[in-house]
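Visitor: Below is the file protein-v2.pdb, with PDB, C-alpha atoms and all ligand atoms.
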```
ATOM      1  CA  MET A   1      -8.607-100.571  80.628
ATOM      2  CA  SER A   2      -9.381 -98.628  83.777
ATOM      3  CA  ALA A   3     -12.191 -99.616  86.110
ATOM      4  CA  TYR A   4     -14.052 -96.511  85.044
ATOM      5  CA  ALA A   5     -13.717 -97.355  81.348
ATOM      6  CA  GLN A   6     -14.842-100.928  82.024
ATOM      7  CA  LEU A   7     -17.906 -99.650  83.831
ATOM      8  CA  LEU A   8     -18.624 -97.264  80.995
ATOM      9  CA  GLU A   9     -18.340-100.067  78.435
ATOM     10  CA  ALA A  10     -20.686-102.220  80.512
ATOM     11  CA  ALA A  11     -23.178 -99.365  80.767
ATOM     12  CA  ILE A  12     -23.102 -98.795  77.008
ATOM     13  CA  ARG A  13     -23.600-102.508  76.389
ATOM     14  CA  ASP A  14     -26.538-102.595  78.776
ATOM     15  CA  LEU A  15     -28.160 -99.565  77.139
ATOM     16  CA  GLU A  16     -27.757-101.050  73.683
ATOM     17  CA  GLU A  17     -29.397-104.256  74.833
ATOM     18  CA  ARG A  18     -32.236-102.369  76.457
ATOM     19  CA  LYS A  19     -32.758-100.388  73.264
ATOM     20  CA  ALA A  20     -32.767-103.593  71.252
ATOM     21  CA  ALA A  21     -35.380-104.956  73.649
ATOM     22  CA  GLY A  22     -37.609-101.975  72.964
ATOM     23  CA  GLU A  23     -36.933 -99.734  75.948
ATOM     24  CA  ARG A  24     -36.954 -96.040  75.165
ATOM     25  CA  PHE A  25     -36.569 -94.519  78.638
ATOM     26  CA  ILE A  26     -34.915 -95.672  81.852
ATOM     27  CA  ALA A  27     -35.226 -94.431  85.392
ATOM     28  CA  ILE A  28     -32.119 -92.882  86.907
ATOM     29  CA  ALA A  29     -31.468 -91.822  90.455
ATOM     30  CA  PRO A  30     -30.270 -88.199  90.817
ATOM     31  CA  GLU A  31     -27.800 -89.228  93.515
ATOM     32  CA  THR A  32     -26.235 -91.720  91.066
ATOM     33  CA  LEU A  33     -25.717 -88.983  88.532
ATOM     34  CA  SER A  34     -24.367 -86.706  91.181
ATOM     35  CA  ALA A  35     -21.861 -89.304  92.356
ATOM     36  CA  LEU A  36     -20.720 -90.033  88.834
ATOM     37  CA  THR A  37     -20.380 -86.443  87.713
ATOM     38  CA  THR A  38     -18.158 -85.648  90.681
ATOM     39  CA  SER A  39     -15.817 -88.568  89.879
ATOM     40  CA  GLN A  40     -12.139 -87.903  89.400
ATOM     41  CA  SER A  41     -10.927 -87.160  85.910
ATOM     42  CA  VAL A  42     -10.078 -90.387  84.087
ATOM     43  CA  PRO A  43      -8.375 -91.221  80.791
ATOM     44  CA  THR A  44     -10.815 -91.020  77.899
ATOM     45  CA  PRO A  45     -12.007 -94.515  77.003
ATOM     46  CA  ALA A  46     -12.248 -95.650  73.382
ATOM     47  CA  ARG A  47     -16.002 -94.997  73.409
ATOM     48  CA  THR A  48     -16.747 -91.993  75.545
ATOM     49  CA  GLN A  49     -20.443 -91.738  74.750
ATOM     50  CA  PRO A  50     -22.898 -94.203  73.260
ATOM     51  CA  ALA A  51     -24.192 -93.036  69.899
ATOM     52  CA  GLU A  52     -27.530 -91.330  70.343
ATOM     53  CA  SER A  53     -29.157 -93.505  67.757
ATOM     54  CA  SER A  54     -28.232 -96.712  69.552
ATOM     55  CA  THR A  55     -29.177 -95.938  73.118
ATOM     56  CA  PRO A  56     -32.422 -95.358  74.928
ATOM     57  CA  ALA A  57     -33.138 -91.859  76.140
ATOM     58  CA  VAL A  58     -32.396 -91.160  79.773
ATOM     59  CA  ARG A  59     -34.749 -88.976  81.767
ATOM     60  CA  SER A  60     -33.144 -87.120  84.597
ATOM     61  CA  THR A  61     -33.851 -84.092  86.706
ATOM     62  CA  SER A  62     -30.234 -83.466  87.603
ATOM     63  CA  THR A  63     -28.311 -80.330  86.690
ATOM     64  CA  PRO A  64     -26.210 -80.109  83.504
ATOM     65  CA  ARG A  65     -22.733 -81.641  83.650
ATOM     66  CA  ALA A  66     -19.875 -79.266  84.229
ATOM     67  CA  SER A  67     -17.394 -78.982  81.414
ATOM     68  CA  GLY A  68     -14.427 -81.357  81.809
ATOM     69  CA  SER A  69     -16.209 -83.824  84.054
ATOM     70  CA  PRO A  70     -16.534 -87.436  82.911
ATOM     71  CA  PRO A  71     -19.534 -88.441  80.805
ATOM     72  CA  ARG A  72     -22.673 -89.281  82.686
ATOM     73  CA  LEU A  73     -23.480 -92.868  83.398
ATOM     74  CA  PRO A  74     -27.078 -93.945  83.794
ATOM     75  CA  ALA A  75     -28.099 -96.009  86.804
ATOM     76  CA  ILE A  76     -28.147 -99.497  85.322
ATOM     77  CA  ARG A  77     -30.515-101.077  87.801
ATOM     78  CA  SER A  78     -30.641-101.978  91.466
ATOM     79  CA  THR A  79     -27.204-102.677  92.834
ATOM     80  CA  ALA A  80     -28.585-105.976  94.121
ATOM     81  CA  THR A  81     -28.619-107.291  90.522
ATOM     82  CA  PRO A  82     -25.245-107.914  88.861
ATOM     83  CA  LEU A  83     -24.924-106.479  85.358
ATOM     84  CA  ASN A  84     -24.641-109.784  83.601
ATOM     85  CA  ALA A  85     -27.181-111.728  85.622
ATOM     86  CA  PRO A  86     -29.697-113.588  83.409
ATOM     87  CA  ARG A  87     -33.264-112.359  83.796
ATOM     88  CA  PRO A  88     -35.734-114.821  85.293
ATOM     89  CA  VAL A  89     -38.372-116.230  82.974
ATOM     90  CA  ALA A  90     -41.842-115.840  84.405
ATOM     91  CA  ALA A  91     -44.580-118.406  83.954
ATOM     92  CA  PRO A  92     -46.822-117.383  81.048
ATOM     93  CA  PRO A  93     -50.352-116.187  81.814
ATOM     94  CA  ALA A  94     -53.027-118.867  81.827
ATOM     95  CA  LEU A  95     -54.741-119.624  78.545
ATOM     96  CA  PRO A  96     -58.520-119.224  78.407
ATOM     97  CA  LEU A  97     -60.505-122.447  78.498
ATOM     98  CA  LEU A  98     -62.301-122.823  75.198
ATOM     99  CA  ASN A  99     -64.876-125.541  75.075
ATOM    100  CA  ILE A 100     -65.486-125.728  71.353
ATOM    101  CA  THR A 101     -65.286-128.370  68.648
ATOM    102  CA  ALA A 102     -63.225-128.091  65.467
ATOM    103  CA  ALA A 103     -66.408-127.339  63.559
ATOM    104  CA  GLU A 104     -67.154-124.423  65.859
ATOM    105  CA  LYS A 105     -63.703-122.900  65.472
ATOM    106  CA  PRO A 106     -64.340-120.630  62.448
ATOM    107  CA  ALA A 107     -67.327-119.025  64.149
ATOM    108  CA  ALA A 108     -65.394-118.636  67.408
ATOM    109  CA  PHE A 109     -62.508-117.016  65.554
ATOM    110  CA  ALA A 110     -64.857-114.642  63.744
ATOM    111  CA  ALA A 111     -66.567-113.757  67.023
ATOM    112  CA  LEU A 112     -63.208-113.046  68.671
ATOM    113  CA  ARG A 113     -62.276-110.801  65.771
ATOM    114  CA  GLU A 114     -65.549-108.912  66.060
ATOM    115  CA  ARG A 115     -64.990-108.379  69.782
ATOM    116  CA  ALA A 116     -61.476-107.069  69.202
ATOM    117  CA  LEU A 117     -62.548-104.752  66.384
ATOM    118  CA  ALA A 118     -65.136-103.176  68.676
ATOM    119  CA  CYS A 119     -62.838-103.003  71.697
ATOM    120  CA  THR A 120     -62.602 -99.733  73.607
ATOM    121  CA  LYS A 121     -60.611-100.900  76.641
ATOM    122  CA  CYS A 122     -57.826 -98.375  76.018
ATOM    123  CA  PRO A 123     -59.652 -95.023  75.609
ATOM    124  CA  GLN A 124     -56.462 -93.188  74.654
ATOM    125  CA  LEU A 125     -55.726 -95.576  71.789
ATOM    126  CA  VAL A 126     -59.329 -95.644  70.636
ATOM    127  CA  THR A 127     -59.237 -91.924  69.961
ATOM    128  CA  THR A 128     -56.027 -92.087  67.899
ATOM    129  CA  ARG A 129     -56.300 -95.428  66.080
ATOM    130  CA  LYS A 130     -57.510 -95.737  62.515
ATOM    131  CA  SER A 131     -58.066 -99.466  62.821
ATOM    132  CA  VAL A 132     -57.821-102.397  65.176
ATOM    133  CA  VAL A 133     -55.138-104.667  63.753
ATOM    134  CA  PHE A 134     -56.418-108.078  64.724
ATOM    135  CA  GLY A 135     -54.119-110.403  62.802
ATOM    136  CA  THR A 136     -53.720-112.029  59.425
ATOM    137  CA  GLY A 137     -53.098-115.434  57.944
ATOM    138  CA  ASP A 138     -54.372-118.963  58.341
ATOM    139  CA  PRO A 139     -56.302-119.597  61.589
ATOM    140  CA  ASN A 140     -55.117-123.210  61.282
ATOM    141  CA  ALA A 141     -51.462-122.295  60.793
ATOM    142  CA  GLN A 142     -48.715-124.426  62.296
ATOM    143  CA  LEU A 143     -46.467-121.403  62.639
ATOM    144  CA  MET A 144     -47.496-118.159  64.321
ATOM    145  CA  PHE A 145     -45.514-114.927  64.504
ATOM    146  CA  VAL A 146     -46.162-112.565  67.400
ATOM    147  CA  GLY A 147     -44.936-108.994  67.204
ATOM    148  CA  GLU A 148     -45.198-105.881  69.310
ATOM    149  CA  ALA A 149     -47.851-103.441  68.097
ATOM    150  CA  PRO A 150     -49.100-101.866  64.879
ATOM    151  CA  GLY A 151     -47.140 -98.953  63.460
ATOM    152  CA  ALA A 152     -48.476 -96.189  61.233
ATOM    153  CA  ASP A 153     -48.662 -98.361  58.084
ATOM    154  CA  GLU A 154     -50.364-101.193  59.928
ATOM    155  CA  ASP A 155     -52.816 -98.818  61.569
ATOM    156  CA  GLN A 156     -53.612 -97.359  58.155
ATOM    157  CA  GLN A 157     -54.107-100.718  56.434
ATOM    158  CA  GLY A 158     -55.514-102.717  59.335
ATOM    159  CA  GLU A 159     -52.982-105.515  58.835
ATOM    160  CA  PRO A 160     -49.903-106.390  60.911
ATOM    161  CA  PHE A 161     -46.395-106.134  59.466
ATOM    162  CA  VAL A 162     -47.055-104.317  56.201
ATOM    163  CA  GLY A 163     -44.471-101.504  56.525
ATOM    164  CA  ARG A 164     -40.738-101.869  55.857
ATOM    165  CA  ALA A 165     -40.316-104.229  58.789
ATOM    166  CA  GLY A 166     -43.302-106.206  57.586
ATOM    167  CA  GLN A 167     -41.838-106.531  54.117
ATOM    168  CA  LEU A 168     -38.671-107.915  55.665
ATOM    169  CA  LEU A 169     -40.725-110.381  57.711
ATOM    170  CA  THR A 170     -42.466-111.459  54.520
ATOM    171  CA  ARG A 171     -39.075-112.132  52.909
ATOM    172  CA  ILE A 172     -37.995-114.168  55.941
ATOM    173  CA  ILE A 173     -41.190-116.203  55.721
ATOM    174  CA  GLN A 174     -40.682-116.730  52.001
ATOM    175  CA  ALA A 175     -37.056-117.748  52.539
ATOM    176  CA  ALA A 176     -38.443-120.581  54.636
ATOM    177  CA  ASN A 177     -40.601-121.617  51.662
ATOM    178  CA  LEU A 178     -43.757-120.376  53.359
ATOM    179  CA  SER A 179     -46.128-117.520  52.653
ATOM    180  CA  ARG A 180     -47.919-114.956  54.802
ATOM    181  CA  GLU A 181     -51.157-116.769  53.978
ATOM    182  CA  ALA A 182     -49.792-120.060  55.333
ATOM    183  CA  VAL A 183     -48.730-118.667  58.728
ATOM    184  CA  TYR A 184     -50.537-116.471  61.224
ATOM    185  CA  ILE A 185     -49.223-113.033  62.188
ATOM    186  CA  ALA A 186     -50.470-111.032  65.175
ATOM    187  CA  ASN A 187     -49.259-108.515  67.724
ATOM    188  CA  ILE A 188     -49.498-108.399  71.497
ATOM    189  CA  LEU A 189     -51.276-105.038  71.088
ATOM    190  CA  LYS A 190     -54.033-104.642  68.516
ATOM    191  CA  CYS A 191     -54.117-100.837  68.380
ATOM    192  CA  ARG A 192     -51.314 -98.479  67.503
ATOM    193  CA  PRO A 193     -49.743 -96.942  70.628
ATOM    194  CA  ASP A 194     -50.376 -93.222  70.435
ATOM    195  CA  THR A 195     -47.458 -90.816  70.313
ATOM    196  CA  PRO A 196     -47.469 -87.110  71.193
ATOM    197  CA  LEU A 197     -48.986 -85.007  68.430
ATOM    198  CA  GLY A 198     -46.466 -84.328  65.684
ATOM    199  CA  THR A 199     -43.990 -86.914  67.009
ATOM    200  CA  PRO A 200     -42.853 -89.428  64.400
ATOM    201  CA  GLY A 201     -42.120 -93.077  65.074
ATOM    202  CA  ASN A 202     -43.621 -95.612  67.419
ATOM    203  CA  ARG A 203     -43.537 -96.303  71.111
ATOM    204  CA  PRO A 204     -43.677 -99.661  72.842
ATOM    205  CA  PRO A 205     -46.970-100.674  74.458
ATOM    206  CA  ARG A 206     -47.404 -99.692  78.112
ATOM    207  CA  PRO A 207     -47.843-102.467  80.690
ATOM    208  CA  GLU A 208     -51.500-101.582  81.250
ATOM    209  CA  GLU A 209     -52.161-101.615  77.501
ATOM    210  CA  ARG A 210     -50.450-104.984  77.169
ATOM    211  CA  ALA A 211     -52.482-106.384  80.040
ATOM    212  CA  ALA A 212     -55.732-105.098  78.555
ATOM    213  CA  CYS A 213     -55.040-106.573  75.140
ATOM    214  CA  LEU A 214     -53.369-109.854  76.073
ATOM    215  CA  PRO A 215     -56.635-111.827  76.393
ATOM    216  CA  TYR A 216     -57.242-111.390  72.653
ATOM    217  CA  LEU A 217     -53.838-112.810  71.796
ATOM    218  CA  LEU A 218     -54.235-115.669  74.260
ATOM    219  CA  GLU A 219     -57.560-116.591  72.704
ATOM    220  CA  GLN A 220     -56.055-116.372  69.225
ATOM    221  CA  ILE A 221     -53.300-118.767  70.268
ATOM    222  CA  GLN A 222     -55.802-121.062  71.923
ATOM    223  CA  LEU A 223     -57.927-121.189  68.777
ATOM    224  CA  ILE A 224     -55.076-121.442  66.263
ATOM    225  CA  GLN A 225     -53.068-123.919  68.353
ATOM    226  CA  PRO A 226     -49.831-123.359  66.389
ATOM    227  CA  ARG A 227     -47.073-125.940  66.686
ATOM    228  CA  VAL A 228     -44.484-123.174  67.005
ATOM    229  CA  ILE A 229     -44.612-119.484  67.885
ATOM    230  CA  VAL A 230     -41.908-117.025  66.829
ATOM    231  CA  ALA A 231     -41.787-114.001  69.142
ATOM    232  CA  LEU A 232     -40.414-110.988  67.281
ATOM    233  CA  GLY A 233     -38.441-108.836  69.698
ATOM    234  CA  GLY A 234     -38.126-108.536  73.447
ATOM    235  CA  THR A 235     -41.391-106.645  73.868
ATOM    236  CA  ALA A 236     -43.304-109.470  72.196
ATOM    237  CA  VAL A 237     -41.727-111.986  74.577
ATOM    238  CA  GLU A 238     -42.494-109.791  77.567
ATOM    239  CA  GLY A 239     -46.100-109.363  76.449
ATOM    240  CA  LEU A 240     -46.557-113.040  75.776
ATOM    241  CA  PHE A 241     -45.025-114.245  79.007
ATOM    242  CA  GLY A 242     -46.067-111.352  81.223
ATOM    243  CA  GLN A 243     -42.456-110.512  81.977
ATOM    244  CA  THR A 244     -41.107-107.089  82.723
ATOM    245  CA  GLU A 245     -37.664-107.547  81.228
ATOM    246  CA  PHE A 246     -36.385-109.848  78.522
ATOM    247  CA  ARG A 247     -32.967-109.392  76.966
ATOM    248  CA  ILE A 248     -33.446-110.332  73.362
ATOM    249  CA  THR A 249     -29.764-109.893  72.515
ATOM    250  CA  ARG A 250     -28.828-112.562  75.059
ATOM    251  CA  GLN A 251     -31.842-114.813  75.052
ATOM    252  CA  ARG A 252     -32.862-114.985  71.410
ATOM    253  CA  GLY A 253     -32.413-118.331  69.747
ATOM    254  CA  LYS A 254     -33.236-120.278  72.916
ATOM    255  CA  TRP A 255     -36.506-122.164  73.001
ATOM    256  CA  MET A 256     -39.119-121.099  75.529
ATOM    257  CA  ASP A 257     -42.304-122.888  76.502
ATOM    258  CA  PHE A 258     -45.750-121.343  76.303
ATOM    259  CA  HIS A 259     -48.174-123.842  77.796
ATOM    260  CA  GLY A 260     -46.565-126.642  75.821
ATOM    261  CA  THR A 261     -46.069-124.647  72.613
ATOM    262  CA  PRO A 262     -42.415-123.972  71.792
ATOM    263  CA  VAL A 263     -41.608-120.286  71.377
ATOM    264  CA  MET A 264     -38.553-119.068  69.493
ATOM    265  CA  PRO A 265     -37.540-115.531  70.498
ATOM    266  CA  THR A 266     -35.731-113.642  67.768
ATOM    267  CA  PHE A 267     -35.023-110.077  66.747
ATOM    268  CA  HIS A 268     -37.834-107.842  65.555
ATOM    269  CA  PRO A 269     -37.459-107.055  61.840
ATOM    270  CA  SER A 270     -37.145-103.355  62.756
ATOM    271  CA  TYR A 271     -33.981-104.218  64.670
ATOM    272  CA  VAL A 272     -32.633-105.976  61.590
ATOM    273  CA  LEU A 273     -33.417-102.908  59.494
ATOM    274  CA  ARG A 274     -31.469-100.743  61.927
ATOM    275  CA  ALA A 275     -28.579-103.207  61.782
ATOM    276  CA  GLU A 276     -28.499-102.726  57.999
ATOM    277  CA  GLU A 277     -27.063 -99.284  58.678
ATOM    278  CA  GLY A 278     -23.994-100.888  60.278
ATOM    279  CA  PRO A 279     -20.656-101.678  58.619
ATOM    280  CA  ASP A 280     -21.674-105.227  57.639
ATOM    281  CA  LYS A 281     -25.056-104.014  56.360
ATOM    282  CA  GLY A 282     -26.794-106.131  58.962
ATOM    283  CA  ARG A 283     -25.472-109.411  57.623
ATOM    284  CA  ALA A 284     -24.500-110.796  61.048
ATOM    285  CA  THR A 285     -27.874-109.889  62.556
ATOM    286  CA  LYS A 286     -29.700-111.404  59.596
ATOM    287  CA  ARG A 287     -27.710-114.600  60.043
ATOM    288  CA  LEU A 288     -28.761-114.778  63.696
ATOM    289  CA  VAL A 289     -32.421-114.350  62.769
ATOM    290  CA  TRP A 290     -32.024-116.926  60.041
ATOM    291  CA  GLU A 291     -30.418-119.399  62.450
ATOM    292  CA  ASP A 292     -33.470-118.958  64.679
ATOM    293  CA  MET A 293     -35.699-119.637  61.683
ATOM    294  CA  LEU A 294     -33.688-122.746  60.813
ATOM    295  CA  GLN A 295     -34.406-124.028  64.317
ATOM    296  CA  VAL A 296     -38.084-123.339  63.737
ATOM    297  CA  MET A 297     -38.015-125.210  60.435
ATOM    298  CA  VAL A 298     -36.335-128.189  62.087
ATOM    299  CA  ARG A 299     -38.983-128.150  64.826
ATOM    300  CA  LEU A 300     -41.718-128.114  62.201
ATOM    301  CA  GLU A 301     -39.956-130.954  60.353
ATOM    302  CA  MET A 302     -39.713-128.838  57.217
ATOM    303  CA  PRO A 303     -37.195-129.773  54.512
ATOM    304  CA  ILE A 304     -34.142-127.504  54.504
ATOM    305  CA  SER A 305     -31.928-127.206  51.442
ATOM    306  CA  GLU A 306     -28.171-126.607  51.537
ATOM    307  CA  LYS A 307     -28.814-123.230  49.971
ATOM    308  CA  GLN A 308     -31.187-122.330  52.802
ATOM    309  CA  ARG A 309     -28.679-123.470  55.421
ATOM    310  CA  GLY A 310     -26.082-121.119  53.960
ATOM    311  CA  PHE A 311     -28.115-117.895  53.854
ATOM    312  CA  PHE A 312     -26.136-114.872  55.196
ATOM    313  CA  LYS A 313     -23.085-116.947  56.098
TER     314      LYS A 313
HETATM  315  S1  LIG B   1     -55.120-102.137  72.327
HETATM  316 FE1  LIG B   1     -56.323-103.998  72.606
HETATM  317  S2  LIG B   1     -57.319-103.751  74.576
HETATM  318 FE2  LIG B   1     -56.635-101.711  73.939
HETATM  319  S3  LIG B   1     -58.390-100.831  72.824
HETATM  320 FE3  LIG B   1     -57.100-101.832  71.304
HETATM  321  S4  LIG B   1     -57.951-103.901  71.079
HETATM  322 FE4  LIG B   1     -58.752-103.024  72.997
END
```
Take the structure from the file and write it as structure tokens.
Ligand code: SF4

Guide:
Amino acid sequence: MSAYAQLLEAAIRDLEERKAAGERFIAIAPETLSALTTSQSVPTPARTQPAESSTPAVRSTSTPRASGSPPRLPAIRSTATPLNAPRPVAAPPALPLLNITAAEKPAAFAALRERALACTKCPQLVTTRKSVVFGTGDPNAQLMFVGEAPGADEDQQGEPFVGRAGQLLTRIIQAANLSREAVYIANILKCRPDTPLGTPGNRPPRPEERAACLPYLLEQIQLIQPRVIVALGGTAVEGLFGQTEFRITRQRGKWMDFHGTPVMPTFHPSYVLRAEEGPDKGRATKRLVWEDMLQVMVRLEMPISEKQRGFFK
């Protein structure tokens, strides 16, 4: 494979990982585009262009590519960072100090919920939201799931993970012999991120929205004190740990530490749903998620049957 084709393959891989991690747009330097579009003609690689559905959109102000020139490559990132370098893991934000007794916990949880439901810190989201999606489940749960943000169904019903992705999460929870009522489910953002009028789909939370909303999640975690947290998708990990970049495709399945609470990063159920459109109907991706869940079950000292161990093999 030529150097150009190798670079193209690496770029496609990087874009797919970024998309899996929730990125929808990437910055690109016009001079990079210019340099690439004036490259010499090269043999056509096996994959000349990433499929539109599997890559993040690229915003650029450069002129259209001339016919016959090689396909555009996005600027991956600063040249100071090698393509395959692992991303650093930042220290998680400090947890709030809660000076309450066990008996005071229900009232504190209810008060936190009331504060969140009345929150107007993100004026843009306040005008478009139908509900504040605080969280659902057992406030004394040993296992907590943290996702990204409410979608349209969640916004409508006021409960996290109730759409197609939520139904898949429910099946994952049930496969572990648990129920939604026995765990706690929340998002890093409590209000649905607004999208331009008439635009379908969801967008990931913006950094300022995440920062505004994070205190609610931190207080939830502090009150619930789960033994294990499952972070669903790269955006959830980034929100939880205050990171800017987390590569879920490379770093899922590896335990992280959130102030002493083990965190298992795994794919967001939406990613699994997208994988179902692939040739193996998402079986390989489901197996990876299930392997992460098996680790969680081991950590929680839950019994695991042979049948459970073999799911999606
Ligand atoms: S997203 Fe969070 S911080 Fe922003 S308005 Fe909603 S509850 Fe408040």

Visitor: So the first atom is atom CA of A:Pro205 and the second is atom CA of A:Gly239; what is the distance between them in Å, to one decimal place?

Guide: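 Separating atom CA of A:Pro205 from atom CA of A:Gly239 is a distance of 9.0 Å.
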
Visitor: Could you pull the residues within 9 Å of A:Phe134, counting only C-alpha atoms, minus those fewer than 2 positions along the same chain, as number ranges by chain?

Guide: A: 113, 116-117, 131-132, 136, 158-160, 186-187, 189-191, 216-217

Visitor: Go through the chains and note each residue within 12 Å of ligand LIG 1 (chain B), using all atoms listed in the file, then give the set as a ChimeraX atom specification.

Guide: /A:112-135,148-150,155,186-194,204-218

Visitor: Go through the shown structure with the PyMOL selection byres (((chain A and resi 142) around 10) and not hetatm) and write out the matching residues as a PyMOL selection string.

Guide: chain A and resi 138-141+143-144+182-184+224-229+300

Visitor: Kindly list the centre and edge lengths in Å, rounded to one decimal, for the axis-aligned box that covers all listed atoms of stretch 168-186 of chain A plus 5 Å on each of its six sides, as lines of an AutoDock Vina configuration file.

Guide:
```
center_x = -44.1
center_y = -114.8
center_z = 58.4
size_x = 24.1
size_y = 23.7
size_z = 23.5
```

Visitor: Give as an mmCIF file with C-alpha atoms, keeping the file's coordinate frame the residues that the PyMOL selection byres (((chain A and resi 311) around 10) and not hetatm) matches when applied to the coordinates above.

Guide:
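Resulting contents of result.cif:
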```
data_model
loop_
_atom_site.group_PDB
_atom_site.id
_atom_site.type_symbol
_atom_site.label_atom_id
_atom_site.label_comp_id
_atom_site.auth_asym_id
_atom_site.auth_seq_id
_atom_site.Cartn_x
_atom_site.Cartn_y
_atom_site.Cartn_z
ATOM 1 C CA ALA A 175 -37.056 -117.748 52.539
ATOM 2 C CA ARG A 283 -25.472 -109.411 57.623
ATOM 3 C CA LYS A 286 -29.700 -111.404 59.596
ATOM 4 C CA ARG A 287 -27.710 -114.600 60.043
ATOM 5 C CA TRP A 290 -32.024 -116.926 60.041
ATOM 6 C CA GLU A 291 -30.418 -119.399 62.450
ATOM 7 C CA GLU A 306 -28.171 -126.607 51.537
ATOM 8 C CA LYS A 307 -28.814 -123.230 49.971
ATOM 9 C CA GLN A 308 -31.187 -122.330 52.802
ATOM 10 C CA ARG A 309 -28.679 -123.470 55.421
ATOM 11 C CA GLY A 310 -26.082 -121.119 53.960
ATOM 12 C CA PHE A 312 -26.136 -114.872 55.196
ATOM 13 C CA LYS A 313 -23.085 -116.947 56.098
#
```

Visitor: Some atoms are missing, so please complete stretch 144-149 of chain A with all heavy atoms and return it as a PDB file, in the coordinates of the input.

Guide:
```pdb
ATOM      1  N   MET A 144     -46.901-119.466  64.007  1.00  0.00           N
ATOM      2  CA  MET A 144     -47.496-118.159  64.321  1.00  0.00           C
ATOM      3  C   MET A 144     -46.379-117.180  64.691  1.00  0.00           C
ATOM      4  O   MET A 144     -45.472-117.530  65.453  1.00  0.00           O
ATOM      5  CB  MET A 144     -48.473-118.312  65.486  1.00  0.00           C
ATOM      6  CG  MET A 144     -49.179-117.038  65.880  1.00  0.00           C
ATOM      7  SD  MET A 144     -50.498-117.384  67.070  1.00  0.00           S
ATOM      8  CE  MET A 144     -51.138-115.741  67.341  1.00  0.00           C
ATOM      9  N   PHE A 145     -46.452-115.992  64.145  1.00  0.00           N
ATOM     10  CA  PHE A 145     -45.514-114.927  64.504  1.00  0.00           C
ATOM     11  C   PHE A 145     -46.241-113.931  65.402  1.00  0.00           C
ATOM     12  O   PHE A 145     -47.370-113.530  65.100  1.00  0.00           O
ATOM     13  CB  PHE A 145     -45.007-114.208  63.255  1.00  0.00           C
ATOM     14  CG  PHE A 145     -44.084-115.029  62.406  1.00  0.00           C
ATOM     15  CD1 PHE A 145     -44.588-115.894  61.444  1.00  0.00           C
ATOM     16  CD2 PHE A 145     -42.708-114.964  62.585  1.00  0.00           C
ATOM     17  CE1 PHE A 145     -43.746-116.669  60.662  1.00  0.00           C
ATOM     18  CE2 PHE A 145     -41.852-115.729  61.808  1.00  0.00           C
ATOM     19  CZ  PHE A 145     -42.372-116.592  60.847  1.00  0.00           C
ATOM     20  N   VAL A 146     -45.576-113.554  66.483  1.00  0.00           N
ATOM     21  CA  VAL A 146     -46.162-112.565  67.400  1.00  0.00           C
ATOM     22  C   VAL A 146     -45.213-111.378  67.492  1.00  0.00           C
ATOM     23  O   VAL A 146     -44.049-111.534  67.852  1.00  0.00           O
ATOM     24  CB  VAL A 146     -46.405-113.174  68.799  1.00  0.00           C
ATOM     25  CG1 VAL A 146     -46.874-112.097  69.767  1.00  0.00           C
ATOM     26  CG2 VAL A 146     -47.433-114.297  68.717  1.00  0.00           C
ATOM     27  N   GLY A 147     -45.735-110.215  67.140  1.00  0.00           N
ATOM     28  CA  GLY A 147     -44.936-108.994  67.204  1.00  0.00           C
ATOM     29  C   GLY A 147     -45.400-108.089  68.330  1.00  0.00           C
ATOM     30  O   GLY A 147     -46.106-108.511  69.245  1.00  0.00           O
ATOM     31  N   GLU A 148     -45.001-106.828  68.212  1.00  0.00           N
ATOM     32  CA  GLU A 148     -45.198-105.881  69.310  1.00  0.00           C
ATOM     33  C   GLU A 148     -46.535-105.135  69.212  1.00  0.00           C
ATOM     34  O   GLU A 148     -47.441-105.367  70.005  1.00  0.00           O
ATOM     35  CB  GLU A 148     -44.026-104.906  69.273  1.00  0.00           C
ATOM     36  CG  GLU A 148     -43.966-103.929  70.395  1.00  0.00           C
ATOM     37  CD  GLU A 148     -42.696-103.078  70.300  1.00  0.00           C
ATOM     38  OE1 GLU A 148     -41.592-103.631  70.148  1.00  0.00           O
ATOM     39  OE2 GLU A 148     -42.811-101.846  70.391  1.00  0.00           O
ATOM     40  N   ALA A 149     -46.648-104.271  68.232  1.00  0.00           N
ATOM     41  CA  ALA A 149     -47.851-103.441  68.097  1.00  0.00           C
ATOM     42  C   ALA A 149     -47.882-102.857  66.690  1.00  0.00           C
ATOM     43  O   ALA A 149     -46.835-102.751  66.040  1.00  0.00           O
ATOM     44  CB  ALA A 149     -47.841-102.308  69.129  1.00  0.00           C
TER      45      ALA A 149
END
```
